[in-house]
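Okay, structure first, notes after.
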Amino acid sequence: MSKLIPKWLIWAIVAVAFLGFIDASYLTLVHYMGAELGCTEWGSCNEVTTSEYSVIFGIPMALMGALYYLAVLILALVYIDTKWKFPLKLIPIATTFGFLFSLGLIYLQLFVIHAICLYCMFSAGTSTILFILSMIYLFTRPSEQVDKLQV
Amino acid sequence: MRKAGERFLFWLVVVIVLVGALYGVYRAVSTPEEIPLPNELTGEDWIKGNPDAEVVLIEYSDFQCPACASFYVIVEEILDEFGSHMQFAYRHFPLKSIHDKASLAGQAAEAAGLQGKFWEMYAEIFENQAMWKQLSVNDAENYFTKYAANLDLDQKQFIEDLNSSKVENLVEAEFKSAREGGLNSTPTFFLNGEKIENPKDLQEFRTLIRNAIEQTNT
């Protein structure tokens, strides 16, 4: 039986997943629209987003990121809409993978490509926050009474 | 369970917000910038090539940007080939938010310039970028001072100039003018006052320059 989730927590997940989705969508569009060759002040150097690591099995990393955030967002929204508990089981699993994946990408930026892409770091931040939020849900046990009043 | 109408409204809002956000991102990526920049040479520019040539190439660049280092090689080739028919100016656009030593490198070039060796220092800095960009700001300054010694510059004067507010302000002023002109990436090239898409390789750059030279001859 799944636990209930405080209202603030599920909406925080929605908000952070939304930010992550916007960020990753931006990177995806830049990837497909072939933005300029060079360094951009806020997007950092294309050496990260055009490196051999930016694509896995022909799929741009940024697109995978966007789909990941969209999936977490929709899971949280489905829960908010239906109160069906199943999405709450999936969110911690998804965010754990997302977090580990982000750690891998930070490692690549710092130690392999030796370049940092600010938008990629922002995404690492949002996926870390999502992970922390879902761990708060897993490891705290709010009383059902309070939750029923809150939700 | 909520009413069907409420649920429909909920998902409608979700879809509208998502589509709206995606459209916003699309606009952000695709909007071309308008650039009212000082795209003609000024007396303060560092110029290479033939100062009487009509064809003018201006580069806004960042010494710590890897793409700029790649273009440095290409621009050198272009100048070897067409240097008598064109002039080239370098302007500082250090992307400070991502490159911690870009301004310092620009100041090093300017400090060398005060002793008449801007272009020599410019070459040293770009050719050794992979080396100094890994260092701390202090260590990088020591490296630049070493390059200054290699170029037979007065080291004491070089260090003094590099840290002087005059040189700092100069690099900062070019950075600001580039920002205000709407530039956001390096390198950005202006050929005869027109912003150009960065050529993909030497061959494409060569063609652009050759066409510009031919146009001025006709």
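Residue numbering restarts at 1 in every chain; chains get A, B, ... in the order shown in the structure tokens, and ligands count up from 1 in that same order.
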
Any idea which chain B residues end up within 6 Å of chain A if we count only C-alpha atoms, as a list in words please?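 Contact residues on the first chain: Val25, Ala67, Leu95, Asn184, Ser185 and Thr186 of chain B.
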
Saved selection, atoms kept: N, CA and C atoms, as an mmCIF file, in the first residue's frame:
```cif
data_model
loop_
_atom_site.group_PDB
_atom_site.id
_atom_site.type_symbol
_atom_site.label_atom_id
_atom_site.label_comp_id
_atom_site.auth_asym_id
_atom_site.auth_seq_id
_atom_site.Cartn_x
_atom_site.Cartn_y
_atom_site.Cartn_z
ATOM 1 N N VAL B 25 10.065 28.418 -25.926
ATOM 2 C CA VAL B 25 11.434 27.921 -26.103
ATOM 3 C C VAL B 25 11.809 27.960 -27.586
ATOM 4 N N ALA B 67 36.151 27.041 -29.411
ATOM 5 C CA ALA B 67 35.805 27.286 -30.815
ATOM 6 C C ALA B 67 36.630 28.454 -31.362
ATOM 7 N N LEU B 95 33.492 35.626 -22.408
ATOM 8 C CA LEU B 95 32.241 35.098 -21.832
ATOM 9 C C LEU B 95 32.505 34.752 -20.367
ATOM 10 N N ASN B 184 25.814 37.078 -28.301
ATOM 11 C CA ASN B 184 25.778 36.146 -27.177
ATOM 12 C C ASN B 184 26.651 34.927 -27.410
ATOM 13 N N SER B 185 27.423 34.956 -28.470
ATOM 14 C CA SER B 185 28.264 33.785 -28.682
ATOM 15 C C SER B 185 29.596 34.187 -29.309
ATOM 16 N N THR B 186 30.570 33.334 -29.094
ATOM 17 C CA THR B 186 31.885 33.577 -29.689
ATOM 18 C C THR B 186 32.323 32.335 -30.444
#
```

When you look at range 60-64 of chain B with a cut-off of 7 Å (counting only C-alpha atoms), what residues show up, excluding the ones that are within fewer than 2 positions of it in the same chain? I need them as a PyMOL selection string. chain B and resi 58+66+68+90-95+99+101-102+105-106+125-126+129+133+186-189

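Interatomic distance, CA of Tyr147 in chain B against CA of Ala108 in chain B: 9.5 Å.
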
Hey, what's within 7 Å of range 191-195 of chain B if we count only C-alpha atoms and toss same-chain stuff fewer than 5 positions away? As an MDAnalysis selection string, please? chainID B and resid 39:40 55:58

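Of the listed residues A:Ile106, A:Met64, A:Ile91, A:Tyr119, the one whose atoms come nearest to Tyr79 in chain A is A:Ile91, with distances taken using only C-alpha atoms.
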